[in-house]
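Peer 1: Dropping in start-v9.cif, which is mmCIF, C-alpha atoms:
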data_input
loop_
_atom_site.label_atom_id
_atom_site.label_comp_id
_atom_site.auth_asym_id
_atom_site.auth_seq_id
_atom_site.Cartn_x
_atom_site.Cartn_y
_atom_site.Cartn_z
CA MET G 213 105.52 128.96 83.93
CA LYS G 214 107.44 130.18 86.97
CA LYS G 215 109.08 133.01 85.00
CA LEU G 216 105.71 134.02 83.57
CA ILE G 217 104.10 134.29 87.00
CA ILE G 218 107.04 136.26 88.42
CA GLY G 219 106.92 138.54 85.40
CA LEU G 220 103.20 139.12 85.88
CA LEU G 221 103.69 139.91 89.57
CA VAL G 222 106.48 142.40 88.86
CA PHE G 223 104.50 143.97 86.03
CA THR G 224 101.44 144.25 88.25
CA ALA G 225 103.54 145.85 90.98
CA PHE G 226 104.96 148.57 88.76
CA THR G 227 101.74 149.34 86.93
CA THR G 228 99.39 149.49 89.90
CA ILE G 229 101.34 151.07 92.74
CA ALA G 230 101.03 154.56 91.29
CA ASN G 231 97.27 154.58 90.87
CA GLY G 232 96.32 155.64 94.40
CA GLN G 233 95.06 152.26 95.66
CA THR G 234 96.65 150.14 98.38
CA HIS G 235 98.52 147.10 97.23
CA ILE G 236 100.47 144.53 99.20
CA PHE G 237 103.08 142.13 97.87
CA THR G 238 104.64 139.33 99.88
CA ALA G 239 107.51 136.94 99.17
CA ASN G 240 107.79 134.09 101.65
CA TRP G 241 109.57 130.97 102.73
CA GLU G 242 107.25 128.17 103.84
CA ILE G 243 107.74 125.29 106.23
CA ASN G 244 105.10 122.60 105.78
CA PHE G 245 104.04 119.71 107.99
CA PRO G 246 102.15 117.06 105.97
CA THR G 247 99.22 115.48 107.80
CA THR G 248 98.02 112.94 105.23
CA SER G 249 98.16 109.80 107.35
CA ASN G 250 99.31 107.15 104.84
CA TYR G 251 101.99 109.11 103.04
CA ILE G 252 104.93 111.42 103.67
CA LYS G 253 105.21 112.65 107.25
CA GLN G 254 108.55 114.42 107.02
CA THR G 255 108.52 118.21 107.38
CA SER G 256 109.29 120.16 104.22
CA PHE G 257 111.63 123.13 104.43
CA ALA G 258 111.61 123.56 100.67
CA GLY G 259 108.67 125.79 99.97
CA GLY G 260 107.72 129.34 99.13
CA LYS G 261 104.85 131.65 98.41
CA LEU G 262 104.39 134.81 96.32
CA GLU G 263 101.28 136.82 96.93
CA TYR G 264 99.52 139.97 95.81
CA ARG G 265 96.70 141.63 97.79
CA TYR G 266 94.46 144.50 96.79
CA VAL G 267 93.11 146.33 99.84
CA ILE G 268 89.45 147.31 99.97
CA LYS G 269 88.33 149.85 102.58
CA GLU G 270 91.40 149.25 104.79
CA LYS G 271 90.03 146.14 106.51
CA PHE G 272 89.65 143.73 103.63
CA SER G 273 91.77 142.57 100.75
CA VAL G 274 91.42 140.23 97.82
CA GLY G 275 94.36 138.79 95.99
CA LEU G 276 96.21 135.98 94.32
CA ALA G 277 98.75 133.59 95.80
CA TRP G 278 101.11 131.07 94.27
CA SER G 279 102.90 128.61 96.51
CA TRP G 280 105.05 125.55 96.12
CA ALA G 281 106.45 122.94 98.46
CA SER G 282 108.61 119.90 97.90
CA TYR G 283 108.23 116.93 100.25
CA GLU G 284 110.50 113.92 100.42
CA GLU G 285 110.85 110.94 102.73
CA TYR G 286 112.82 107.70 102.62
CA PHE G 287 111.03 104.52 103.72
CA ASN G 288 112.87 101.39 104.78
CA ARG G 289 112.31 98.15 102.88
CA ARG G 290 108.77 96.91 103.37
CA THR G 291 106.09 94.82 101.70
CA ILE G 292 103.00 96.56 100.38
CA GLU G 293 99.98 94.41 99.52
CA LYS G 294 97.71 95.29 96.61
CA PRO G 295 94.22 96.19 97.83
CA ASP G 296 92.69 93.10 96.16
CA GLY G 297 95.14 90.76 97.92
CA ASN G 298 96.39 89.30 94.63
CA GLY G 299 99.78 90.93 94.61
CA ALA G 300 102.53 92.46 96.69
CA ILE G 301 105.69 94.46 96.21
CA THR G 302 108.73 94.59 98.46
CA SER G 303 111.28 97.38 98.30
CA ASP G 304 112.63 100.39 100.06
CA TYR G 305 111.60 103.63 98.42
CA ILE G 306 111.67 107.40 98.41
CA ALA G 307 108.30 109.13 98.35
CA GLN G 308 108.23 112.60 96.92
CA ALA G 309 105.44 115.13 96.49
CA TYR G 310 105.58 118.53 94.84
CA GLN G 311 102.65 120.75 95.75
CA VAL G 312 101.71 123.89 93.80
CA PRO G 313 98.51 125.62 94.94
CA ILE G 314 97.32 128.65 92.97
CA THR G 315 94.60 130.45 94.88
CA ALA G 316 92.41 133.50 95.22
CA THR G 317 92.81 135.02 98.68
CA PHE G 318 90.49 136.92 101.00
CA HIS G 319 91.81 138.63 104.13
CA TYR G 320 90.38 140.58 107.03
CA TYR G 321 92.71 142.97 108.93
CA PHE G 322 92.30 143.52 112.65
CA LYS G 323 92.93 146.81 114.38
CA LYS G 324 96.20 148.33 113.24
CA GLY G 325 98.97 148.80 115.85
CA LYS G 326 102.01 151.00 115.51
CA LEU G 327 104.00 148.31 113.79
CA LEU G 328 101.75 145.27 113.90
CA ARG G 329 98.84 144.45 111.64
CA PRO G 330 97.29 141.03 112.34
CA TYR G 331 95.02 139.40 109.82
CA ALA G 332 92.95 136.30 109.15
CA GLY G 333 92.09 134.95 105.74
CA VAL G 334 91.30 132.09 103.49
CA ALA G 335 92.73 130.98 100.16
CA LEU G 336 90.65 128.98 97.68
CA GLY G 337 91.75 127.57 94.36
CA GLY G 338 93.38 124.68 92.54
CA GLN G 339 96.36 122.61 93.55
CA SER G 340 98.72 120.66 91.33
CA LEU G 341 100.25 117.71 93.14
CA GLN G 342 103.03 115.71 91.54
CA GLN G 343 103.71 112.51 93.45
CA SER G 344 106.52 110.06 92.78
CA LEU G 345 107.73 106.84 94.32
CA TYR G 346 111.37 106.01 93.60
CA TYR G 347 112.43 102.41 94.26
CA ASN G 348 115.57 100.64 93.06
CA VAL G 349 115.84 101.77 89.43
CA TYR G 350 112.14 102.54 89.00
CA VAL G 351 109.92 105.52 89.45
CA SER G 352 106.12 105.62 89.56
CA ASP G 353 104.50 109.00 88.98
CA ASP G 354 101.06 110.45 89.46
CA ASP G 355 100.27 114.08 88.64
CA ASN G 356 96.85 115.48 89.39
CA TRP G 357 94.84 118.57 90.26
CA GLY G 358 92.48 119.13 93.16
CA PHE G 359 90.52 121.85 94.91
CA VAL G 360 92.38 123.46 97.79
CA ALA G 361 91.20 125.50 100.77
CA ARG G 362 93.65 127.14 103.14
CA PRO G 363 92.53 129.20 106.13
CA GLU G 364 95.30 131.16 107.80
CA VAL G 365 96.07 133.69 110.51
CA GLY G 366 99.07 135.96 110.45
CA ALA G 367 100.48 139.41 110.91
CA PHE G 368 102.54 142.03 109.14
CA VAL G 369 105.29 143.45 111.33
CA MET G 370 106.40 146.75 109.78
CA PHE G 371 110.05 147.75 109.90
CA GLY G 372 109.13 151.31 110.85
CA GLU G 373 106.11 153.49 111.50
CA ASN G 374 106.32 155.07 108.07
CA SER G 375 107.89 152.17 106.30
CA GLY G 376 106.29 150.33 103.43
CA PHE G 377 108.41 147.26 104.20
CA GLY G 378 107.78 144.67 106.84
CA ALA G 379 107.86 141.02 107.78
CA ASN G 380 105.05 138.61 107.14
CA ILE G 381 104.38 135.71 109.51
CA ALA G 382 101.43 133.37 109.13
CA LEU G 383 100.15 129.94 110.15
CA GLY G 384 97.77 128.04 107.89
CA TYR G 385 96.16 124.68 107.31
CA SER G 386 95.75 123.45 103.76
CA PHE G 387 93.29 120.80 102.65
CA ALA G 388 93.23 119.67 99.02
CA THR G 389 91.16 117.06 97.20
CA ASN G 390 94.03 115.67 95.12
CA LYS G 391 93.24 112.03 94.46
CA THR G 392 95.93 109.52 93.57
CA ASP G 393 95.92 105.75 93.05
CA LEU G 394 99.66 105.66 93.62
CA ILE G 395 99.16 105.67 97.37
CA ASN G 396 95.41 105.04 97.38
CA SER G 397 94.67 108.50 98.76
CA ASN G 398 91.81 110.94 98.21
CA SER G 399 93.33 114.08 99.70
CA PHE G 400 96.50 115.86 100.72
CA SER G 401 96.65 118.14 103.74
CA ASN G 402 99.31 120.02 105.65
CA PHE G 403 99.97 122.72 108.20
CA GLY G 404 102.20 125.53 107.02
CA ILE G 405 104.29 128.27 108.60
CA THR G 406 104.90 131.27 106.38
CA ILE G 407 107.83 133.60 107.03
CA GLY G 408 108.70 136.37 104.61
CA PHE G 409 108.75 139.96 103.57
CA MET G 410 105.92 142.28 102.57
CA PHE G 411 105.89 145.64 100.99
CA THR G 412 103.06 148.04 100.34
CA ASN G 413 102.66 151.41 98.69
CA ARG G 414 100.69 152.76 101.65
CA TYR G 415 100.62 152.09 105.34
CA MET X 275 113.84 151.81 102.02
CA LYS X 276 116.80 150.79 99.88
CA LYS X 277 118.32 148.84 102.74
CA TYR X 278 115.44 146.39 102.53
CA VAL X 279 115.76 145.72 98.85
CA LEU X 280 118.77 143.40 99.15
CA PRO X 281 117.28 141.21 101.90
CA VAL X 282 114.05 140.94 99.92
CA LEU X 283 115.89 139.99 96.73
CA ALA X 284 118.09 137.51 98.61
CA SER X 285 114.98 135.92 100.10
CA CYS X 286 113.40 135.59 96.68
CA ILE X 287 116.52 133.87 95.34
CA VAL X 288 116.54 131.43 98.26
CA ILE X 289 112.85 130.72 97.79
CA PHE X 290 113.14 130.07 94.08
CA SER X 291 116.10 127.78 94.56
CA GLN X 292 113.91 125.53 96.70
CA CYS X 293 111.66 124.25 93.93
CA ARG X 294 111.23 120.54 93.28
CA LYS X 295 114.42 118.67 94.00
CA GLN X 296 115.86 115.46 92.69
CA PRO X 297 115.61 112.74 95.33
CA ASP X 298 118.69 111.51 97.12
CA TYR X 299 119.17 108.25 95.22
CA ASP X 300 122.07 107.27 97.47
CA LYS X 301 119.55 106.38 100.15
CA LEU X 302 118.08 103.59 98.03
CA SER X 303 119.45 100.12 98.63
CA ASN X 304 120.55 97.75 95.87
CA GLU X 305 118.28 95.00 97.15
CA PHE X 306 115.91 93.56 94.56
CA VAL X 307 112.43 94.94 94.09
CA VAL X 308 110.18 91.90 94.45
CA GLN X 309 106.76 92.03 92.78
CA THR X 310 104.41 89.05 93.04
CA SER X 311 101.02 88.53 91.40
CA LYS X 312 98.59 85.62 91.61
CA ALA X 313 95.41 84.54 89.90
CA SER X 314 92.44 85.39 92.10
CA THR X 315 90.93 81.96 91.44
CA ALA X 316 94.09 79.93 92.03
CA ASN X 317 93.93 77.02 94.46
CA PHE X 318 97.56 76.37 95.25
CA GLY X 319 96.66 73.60 97.67
CA SER X 320 95.42 71.44 94.79
CA TYR X 321 98.91 70.97 93.37
CA LYS X 322 101.28 68.38 94.83
CA THR X 323 104.21 67.90 92.47
CA TYR X 324 106.34 70.22 90.40
CA PHE X 325 109.24 70.28 88.00
CA ILE X 326 111.92 72.92 87.49
CA SER X 327 114.73 72.73 84.98
CA ASP X 328 118.35 72.83 86.11
CA THR X 329 118.92 75.71 83.71
CA ILE X 330 117.62 79.27 83.67
CA ALA X 331 116.11 80.69 80.50
CA LEU X 332 118.27 83.69 79.58
CA ARG X 333 117.26 86.81 77.68
CA THR X 334 120.14 89.02 76.53
CA THR X 335 121.02 91.15 73.52
CA ASN X 336 122.68 88.05 72.08
CA PRO X 337 120.03 85.72 70.59
CA ASN X 338 122.43 82.79 71.07
CA ASP X 339 122.33 83.28 74.83
CA THR X 340 119.30 81.22 75.74
CA LEU X 341 120.40 79.20 78.74
CA TRP X 342 122.22 79.98 81.96
CA PHE X 343 123.56 76.84 83.61
CA ASP X 344 126.68 77.58 85.67
CA ALA X 345 127.14 77.25 89.45
CA ASP X 346 125.49 80.62 90.05
CA ALA X 347 122.40 79.52 88.15
CA LYS X 348 122.30 76.33 90.20
CA GLN X 349 122.32 78.32 93.44
CA LEU X 350 119.30 80.31 92.30
CA ILE X 351 117.42 77.18 91.22
CA ASP X 352 118.31 75.46 94.49
CA ALA X 353 116.83 78.42 96.36
CA VAL X 354 113.54 77.90 94.50
CA LYS X 355 113.61 74.18 95.21
CA ALA X 356 114.21 74.77 98.92
CA GLN X 357 111.25 77.13 99.13
CA MET X 358 108.97 74.74 97.22
CA GLN X 359 109.96 71.88 99.49
CA ALA X 360 109.25 74.02 102.54
CA ARG X 361 105.77 74.69 101.15
CA GLY X 362 105.09 70.97 100.78
CA TYR X 363 105.53 70.51 97.03
CA THR X 364 107.42 67.49 95.72
CA LEU X 365 109.99 67.75 92.94
CA VAL X 366 109.46 65.11 90.25
CA ALA X 367 110.98 64.40 86.85
CA LYS X 368 109.65 66.22 83.84
CA GLY X 369 108.22 62.97 82.44
CA SER X 370 106.30 62.14 85.62
CA ASN X 371 103.35 64.43 84.88
CA PRO X 372 104.11 67.17 87.40
CA ASP X 373 101.15 69.29 88.51
CA VAL X 374 103.20 72.45 88.22
CA GLY X 375 105.99 73.67 85.99
CA LEU X 376 108.26 76.33 87.40
CA ALA X 377 110.02 78.52 84.85
CA LEU X 378 112.90 80.71 85.95
CA ASN X 379 113.97 83.45 83.52
CA ALA X 380 116.79 85.95 83.75
CA VAL X 381 117.16 89.18 81.83
CA LYS X 382 120.75 90.41 81.46
CA ASP X 383 122.39 93.24 79.51
CA LEU X 384 118.98 94.27 78.30
CA ASN X 385 116.78 97.11 79.50
CA ILE X 386 113.30 96.29 78.33
CA GLY X 387 111.28 99.13 79.81
CA VAL X 388 107.64 98.81 80.73
CA ILE X 389 105.99 95.54 79.69
CA TYR X 390 103.08 93.41 80.80
CA SER X 391 102.84 89.97 82.34
CA GLY X 392 104.17 87.24 80.13
CA TRP X 393 106.18 89.37 77.77
CA TRP X 394 109.20 87.29 78.60
CA TRP X 395 107.77 84.27 76.79
CA TRP X 396 107.22 85.89 73.43
CA GLY X 397 109.55 84.43 70.83
CA TYR X 398 111.02 82.02 73.32
CA TRP X 399 108.21 79.60 73.99
CA GLY X 400 109.64 76.38 72.64
CA CYS X 401 107.29 73.48 73.33
CA TYR X 402 108.86 72.97 76.71
CA TRP X 403 105.75 71.36 78.13
CA TYR X 404 102.98 71.51 75.56
CA CYS X 405 103.54 72.76 72.06
CA TYR X 406 99.98 73.78 71.40
CA TYR X 407 99.23 75.73 74.56
CA PRO X 408 100.58 79.24 75.03
CA PRO X 409 101.10 80.69 78.49
CA TYR X 410 98.09 82.53 79.88
CA TYR X 411 98.23 85.12 82.68
CA PRO X 412 94.87 85.58 84.42
CA TYR X 413 96.02 88.89 85.90
CA TYR X 414 97.31 92.08 84.38
CA SER X 415 100.40 93.74 85.76
CA LEU X 416 102.86 96.19 84.35
CA TYR X 417 106.56 95.78 85.00
CA SER X 418 109.62 97.76 84.17
CA ILE X 419 112.35 95.23 83.40
CA PRO X 420 115.90 96.52 83.73
CA THR X 421 118.95 94.37 83.19
CA GLY X 422 119.48 91.88 85.96
CA THR X 423 115.88 90.83 86.44
CA LEU X 424 114.75 87.37 87.55
CA ILE X 425 111.27 86.12 86.71
CA LEU X 426 109.70 83.03 88.25
CA ASP X 427 106.45 81.64 86.80
CA PHE X 428 104.25 79.03 88.51
CA ILE X 429 102.49 77.25 85.63
CA ASP X 430 99.48 74.96 85.95
CA LEU X 431 100.31 71.76 84.02
CA LYS X 432 97.69 69.67 85.81
CA ASN X 433 94.80 71.30 83.96
CA ALA X 434 96.63 72.37 80.80
CA GLU X 435 95.05 69.79 78.47
CA GLN X 436 91.57 70.36 79.82
CA GLU X 437 91.86 74.16 79.64
CA GLU X 438 93.99 74.07 76.49
CA ARG X 439 96.29 76.69 77.89
CA LEU X 440 99.15 77.02 80.35
CA THR X 441 97.75 79.18 83.11
CA VAL X 442 100.45 81.01 85.02
CA GLN X 443 98.90 81.02 88.49
CA TRP X 444 101.65 83.04 90.13
CA THR X 445 104.55 85.20 89.00
CA SER X 446 107.40 86.87 90.78
CA VAL X 447 109.37 89.57 89.01
CA MET X 448 112.60 90.35 90.89
CA SER X 449 114.56 93.32 89.63
CA GLY X 450 117.76 94.58 91.03
CA GLY X 451 120.83 94.33 88.87
CA LEU X 452 121.81 90.67 88.74
CA GLY X 453 125.26 90.54 87.18
CA ASN X 454 126.35 94.00 88.26
CA THR X 455 127.90 93.51 91.67
CA SER X 456 129.80 90.82 93.50
CA ASP X 457 127.08 90.28 96.08
CA ASP X 458 124.14 90.28 93.66
CA LEU X 459 123.84 86.49 93.62
CA ALA X 460 123.15 86.56 97.34
CA LEU X 461 120.67 89.36 96.73
CA GLY X 462 119.05 87.26 94.01
CA ILE X 463 118.66 84.32 96.38
CA GLU X 464 117.26 86.67 99.00
CA ALA X 465 114.79 87.97 96.40
CA ILE X 466 113.60 84.41 95.66
CA ASN X 467 113.10 83.84 99.37
CA GLN X 468 111.23 87.14 99.66
CA SER X 469 108.95 86.12 96.76
CA PHE X 470 107.74 83.16 98.80
CA ASP X 471 107.68 85.10 102.08
CA GLN X 472 105.22 87.61 100.64
CA SER X 473 103.10 84.79 99.13
CA PRO X 474 102.00 82.77 102.15
CA TYR X 475 99.13 81.23 100.16
CA LEU X 476 101.69 79.34 98.06
CA LYS X 477 101.52 75.91 99.74
CA THR X 478 100.02 72.52 99.16
CA ASN X 479 97.35 70.93 101.35
#
Represent the structure contained in this file as structure tokens.
Peer 2:
Amino acid sequence: MKKLIIGLLVFTAFTTIANGQTHIFTANWEINFPTTSNYIKQTSFAGGKLEYRYVIKEKFSVGLAWSWASYEEYFNRRTIEKPDGNGAITSDYIAQAYQVPITATFHYYFKKGKLLRPYAGVALGGQSLQQSLYYNVYVSDDDNWGFVARPEVGAFVMFGENSGFGANIALGYSFATNKTDLINSNSFSNFGITIGFMFTNRY
Amino acid sequence: MKKYVLPVLASCIVIFSQCRKQPDYDKLSNEFVVQTSKASTANFGSYKTYFISDTIALRTTNPNDTLWFDADAKQLIDAVKAQMQARGYTLVAKGSNPDVGLALNAVKDLNIGVIYSGWWWWGYWGCYWYCYYPPYYPYYSLYSIPTGTLILDFIDLKNAEQEERLTVQWTSVMSGGLGNTSDDLALGIEAINQSFDQSPYLKTN
């Protein structure tokens, strides 16, 4: 799946750059701060995002984004009661979540500076969330899909006035409706910092 | 422009290497996982006396291994007795019509995988209390039973004839590798104690 998406992005890049339109590609590292209260709270440094944007009339773009983030946190031995009060389990455990949102993106670009181009946007789409609890020799899994919305603000910082390459920095908040019985949760949310590279055929 | 290609490619490689990772299993302790379940209608205060055998029912790959009765087994049984006494239950002889039968099972050298409550009786139920009444679990739980698991069942004998079944009012499944390490007996005893600690309702009036 990963190879297919990368292949599609590369193919799209080579086949569309020459047609006179403005295209933007970004490849990013993501740091994510989970905010779902009853689950993992540890910051994830294992994440990334690939994105394509098609610019419309200089100030707007539409595109596609594919991200992933891996969260993990160790919890000391504790007793967890079943919601109905008729059972309990005691163990230490490792909670893990693997988040893969695939979204359509919409961006607005503010006034262009010499090297800086700030933007604001929103990403809407579906999110796969694979959650696992590892305890002793066991693992409990729950994989599910939910709707995800991610507003973000950011900026392209070009490496030169006539350069098609630059840095991409953004801050976003992601809210997804992934529901899981594993931790009795109806959503998964996180703040994210995006740091990466962008390149465009026109600037 | 070419000077940016390498950093971009390097970044992509770093990013792709960060996909879902295996967890760091070394962080996990070897303490037993203790899972307890009870019948929602159980009235544990209505029972006064109990009986537990001085042997542990053993499930291994060897069908001739059916009982575990050495000093280690005695320590585990004594731990159960101490907890039951602390909760106000009185140990009586098997022939004295105990209200409750406690059954302690151990699974060794056998990885069973995912099973449901009561699996451990199938093929082994041998008229220990009542020949005609099979064990009945009024709750449904799934367990993964690796080698080294202890299972403690709290069986209603008081109402067995009237209900024509042996209702298992409470179960503790303790999994952690009994028989694998030198300190696992202590961990097994700790698991028995934890079973009672997380079941405060388990006491007589």
Peer 1: Please identify all polymer residues within 9 Å of range 293-301 of chain G, counting all atoms listed in the file, omitting same-chain residues fewer than 2 positions from it, and present them as a list in words.
Peer 2: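 Counting all atoms listed in the file, the residues come to Arg290, Thr291, Ser303 and Asn396 of chain G; Val307, Val308, Gln309, Thr310, Ser311, Lys312, Ala313, Ser314, Tyr413, Ser469, Gln472 and Ser473 of chain X.
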Peer 1: Could those selected residues go to a file with C-alpha atoms, as a PDB file, in the frame of the given file?
Peer 2:
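Output saved as selection36.pdb:
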ATOM      1  CA  ARG G 290     108.770  96.910 103.370  1.00  0.00           C
ATOM      2  CA  THR G 291     106.090  94.820 101.700  1.00  0.00           C
ATOM      3  CA  SER G 303     111.280  97.380  98.300  1.00  0.00           C
ATOM      4  CA  ASN G 396      95.410 105.040  97.380  1.00  0.00           C
TER       5      ASN G 396
ATOM      6  CA  VAL X 307     112.430  94.940  94.090  1.00  0.00           C
ATOM      7  CA  VAL X 308     110.180  91.900  94.450  1.00  0.00           C
ATOM      8  CA  GLN X 309     106.760  92.030  92.780  1.00  0.00           C
ATOM      9  CA  THR X 310     104.410  89.050  93.040  1.00  0.00           C
ATOM     10  CA  SER X 311     101.020  88.530  91.400  1.00  0.00           C
ATOM     11  CA  LYS X 312      98.590  85.620  91.610  1.00  0.00           C
ATOM     12  CA  ALA X 313      95.410  84.540  89.900  1.00  0.00           C
ATOM     13  CA  SER X 314      92.440  85.390  92.100  1.00  0.00           C
ATOM     14  CA  TYR X 413      96.020  88.890  85.900  1.00  0.00           C
ATOM     15  CA  SER X 469     108.950  86.120  96.760  1.00  0.00           C
ATOM     16  CA  GLN X 472     105.220  87.610 100.640  1.00  0.00           C
ATOM     17  CA  SER X 473     103.100  84.790  99.130  1.00  0.00           C
TER      18      SER X 473
END
Peer 1: Residues of chain G that have any atom at most 8 Å from an atom of chain X: could you tabulate them with the shortest-distance atom pair and the distance in Å to one decimal, using only C-alpha atoms, ordered by chain and increasing number, as a tab-separated table?
Peer 2:
residue	atom	partner	partner_atom	distance
G:Ala239	CA	X:Cys286	CA	6.5
G:Asn240	CA	X:Ile289	CA	7.2
G:Trp241	CA	X:Ile289	CA	5.9
G:Ala258	CA	X:Gln292	CA	5.0
G:Gly259	CA	X:Gln292	CA	6.2
G:Gly260	CA	X:Ile289	CA	5.5
G:Trp280	CA	X:Cys293	CA	7.1
G:Ala281	CA	X:Cys293	CA	7.0
G:Ser282	CA	X:Arg294	CA	5.3
G:Glu284	CA	X:Pro297	CA	7.3
G:Tyr286	CA	X:Lys301	CA	7.3
G:Thr291	CA	X:Gln472	CA	7.3
G:Asn298	CA	X:Lys312	CA	5.2
G:Gly299	CA	X:Ser311	CA	4.2
G:Ala300	CA	X:Thr310	CA	5.3
G:Ile301	CA	X:Gln309	CA	4.3
G:Thr302	CA	X:Val308	CA	5.0
G:Ser303	CA	X:Val307	CA	5.0
G:Asp304	CA	X:Leu302	CA	6.6
G:Tyr305	CA	X:Leu302	CA	6.5
G:Ile306	CA	X:Pro297	CA	7.3
G:Gln308	CA	X:Pro297	CA	7.6
G:Tyr310	CA	X:Arg294	CA	6.2
G:Tyr347	CA	X:Leu302	CA	6.9
G:Asn348	CA	X:Leu302	CA	6.3
G:Val349	CA	X:Gly450	CA	7.6
G:Tyr350	CA	X:Ser418	CA	7.2
G:Ser375	CA	X:Met275	CA	7.3
G:Gly376	CA	X:Met275	CA	7.8
G:Phe377	CA	X:Tyr278	CA	7.3
G:Gly408	CA	X:Ser285	CA	7.7
G:Phe409	CA	X:Val282	CA	6.5
Peer 1: Once the PyMOL selection byres ((chain G and resi 401) around 12) is applied to the coordinates I shared, what remains selected? I want it as a PDB file with C-alpha atoms, keeping the file's coordinate frame.
Peer 2:
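Dumped to part03.pdb:
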ATOM      1  CA  ASN G 244     105.100 122.600 105.780  1.00  0.00           C
ATOM      2  CA  PHE G 245     104.040 119.710 107.990  1.00  0.00           C
ATOM      3  CA  PRO G 246     102.150 117.060 105.970  1.00  0.00           C
ATOM      4  CA  THR G 247      99.220 115.480 107.800  1.00  0.00           C
ATOM      5  CA  THR G 248      98.020 112.940 105.230  1.00  0.00           C
ATOM      6  CA  SER G 249      98.160 109.800 107.350  1.00  0.00           C
ATOM      7  CA  ASN G 250      99.310 107.150 104.840  1.00  0.00           C
ATOM      8  CA  TYR G 251     101.990 109.110 103.040  1.00  0.00           C
ATOM      9  CA  ILE G 252     104.930 111.420 103.670  1.00  0.00           C
ATOM     10  CA  LYS G 253     105.210 112.650 107.250  1.00  0.00           C
ATOM     11  CA  ALA G 309     105.440 115.130  96.490  1.00  0.00           C
ATOM     12  CA  GLN G 311     102.650 120.750  95.750  1.00  0.00           C
ATOM     13  CA  PRO G 313      98.510 125.620  94.940  1.00  0.00           C
ATOM     14  CA  GLN G 339      96.360 122.610  93.550  1.00  0.00           C
ATOM     15  CA  LEU G 341     100.250 117.710  93.140  1.00  0.00           C
ATOM     16  CA  GLY G 358      92.480 119.130  93.160  1.00  0.00           C
ATOM     17  CA  PHE G 359      90.520 121.850  94.910  1.00  0.00           C
ATOM     18  CA  VAL G 360      92.380 123.460  97.790  1.00  0.00           C
ATOM     19  CA  ALA G 361      91.200 125.500 100.770  1.00  0.00           C
ATOM     20  CA  ARG G 362      93.650 127.140 103.140  1.00  0.00           C
ATOM     21  CA  GLY G 384      97.770 128.040 107.890  1.00  0.00           C
ATOM     22  CA  TYR G 385      96.160 124.680 107.310  1.00  0.00           C
ATOM     23  CA  SER G 386      95.750 123.450 103.760  1.00  0.00           C
ATOM     24  CA  PHE G 387      93.290 120.800 102.650  1.00  0.00           C
ATOM     25  CA  ALA G 388      93.230 119.670  99.020  1.00  0.00           C
ATOM     26  CA  THR G 389      91.160 117.060  97.200  1.00  0.00           C
ATOM     27  CA  ASN G 390      94.030 115.670  95.120  1.00  0.00           C
ATOM     28  CA  LYS G 391      93.240 112.030  94.460  1.00  0.00           C
ATOM     29  CA  SER G 397      94.670 108.500  98.760  1.00  0.00           C
ATOM     30  CA  ASN G 398      91.810 110.940  98.210  1.00  0.00           C
ATOM     31  CA  SER G 399      93.330 114.080  99.700  1.00  0.00           C
ATOM     32  CA  PHE G 400      96.500 115.860 100.720  1.00  0.00           C
ATOM     33  CA  ASN G 402      99.310 120.020 105.650  1.00  0.00           C
ATOM     34  CA  PHE G 403      99.970 122.720 108.200  1.00  0.00           C
ATOM     35  CA  GLY G 404     102.200 125.530 107.020  1.00  0.00           C
TER      36      GLY G 404
END
Peer 1: Measuring between all atoms listed in the file, which one of G:Ser273, G:Gln343, G:Thr317, G:Ser279 shows the shortest distance to Lys261 in chain G?
Peer 2: G:Ser279
Peer 1: Could you expand the PyMOL selection byres ((chain X and resi 373) around 6) into the explicit residues it covers here, written as a ChimeraX atom specification?
Peer 2: /X:321,323-324,372,374,431-432
Peer 1: What does the PyMOL selection byres ((chain X and resi 479) around 12) select in this file, as a PyMOL selection string?
Peer 2: chain X and resi 317-323+361-363+475-478
Peer 1: For the residues in the current selection, export C-alpha atoms as a PDB file, in the coordinates of the input.
Peer 2:
ATOM      1  CA  ASN X 317      93.930  77.020  94.460  1.00  0.00           C
ATOM      2  CA  PHE X 318      97.560  76.370  95.250  1.00  0.00           C
ATOM      3  CA  GLY X 319      96.660  73.600  97.670  1.00  0.00           C
ATOM      4  CA  SER X 320      95.420  71.440  94.790  1.00  0.00           C
ATOM      5  CA  TYR X 321      98.910  70.970  93.370  1.00  0.00           C
ATOM      6  CA  LYS X 322     101.280  68.380  94.830  1.00  0.00           C
ATOM      7  CA  THR X 323     104.210  67.900  92.470  1.00  0.00           C
ATOM      8  CA  ARG X 361     105.770  74.690 101.150  1.00  0.00           C
ATOM      9  CA  GLY X 362     105.090  70.970 100.780  1.00  0.00           C
ATOM     10  CA  TYR X 363     105.530  70.510  97.030  1.00  0.00           C
ATOM     11  CA  TYR X 475      99.130  81.230 100.160  1.00  0.00           C
ATOM     12  CA  LEU X 476     101.690  79.340  98.060  1.00  0.00           C
ATOM     13  CA  LYS X 477     101.520  75.910  99.740  1.00  0.00           C
ATOM     14  CA  THR X 478     100.020  72.520  99.160  1.00  0.00           C
TER      15      THR X 478
END
Peer 1: Please report the interatomic distance between CA of Arg289 in chain G and CA of Asp427 in chain X in Å with one decimal.
Peer 2: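 We find that CA of Arg289 in chain G and CA of Asp427 in chain X lie 23.8 Å from each other.
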Peer 1: Check the smallest atom-to-atom distance from each of G:Ile405, G:Leu327, G:Val351, G:Met410 to Glu373 in chain G using only C-alpha atoms, then report the winner.
Peer 2: G:Leu327
Peer 1: What is the CA of Ala345 in chain X-CA of Gln359 in chain X distance in Å, reported with one decimal?
Peer 2: 20.6 Å
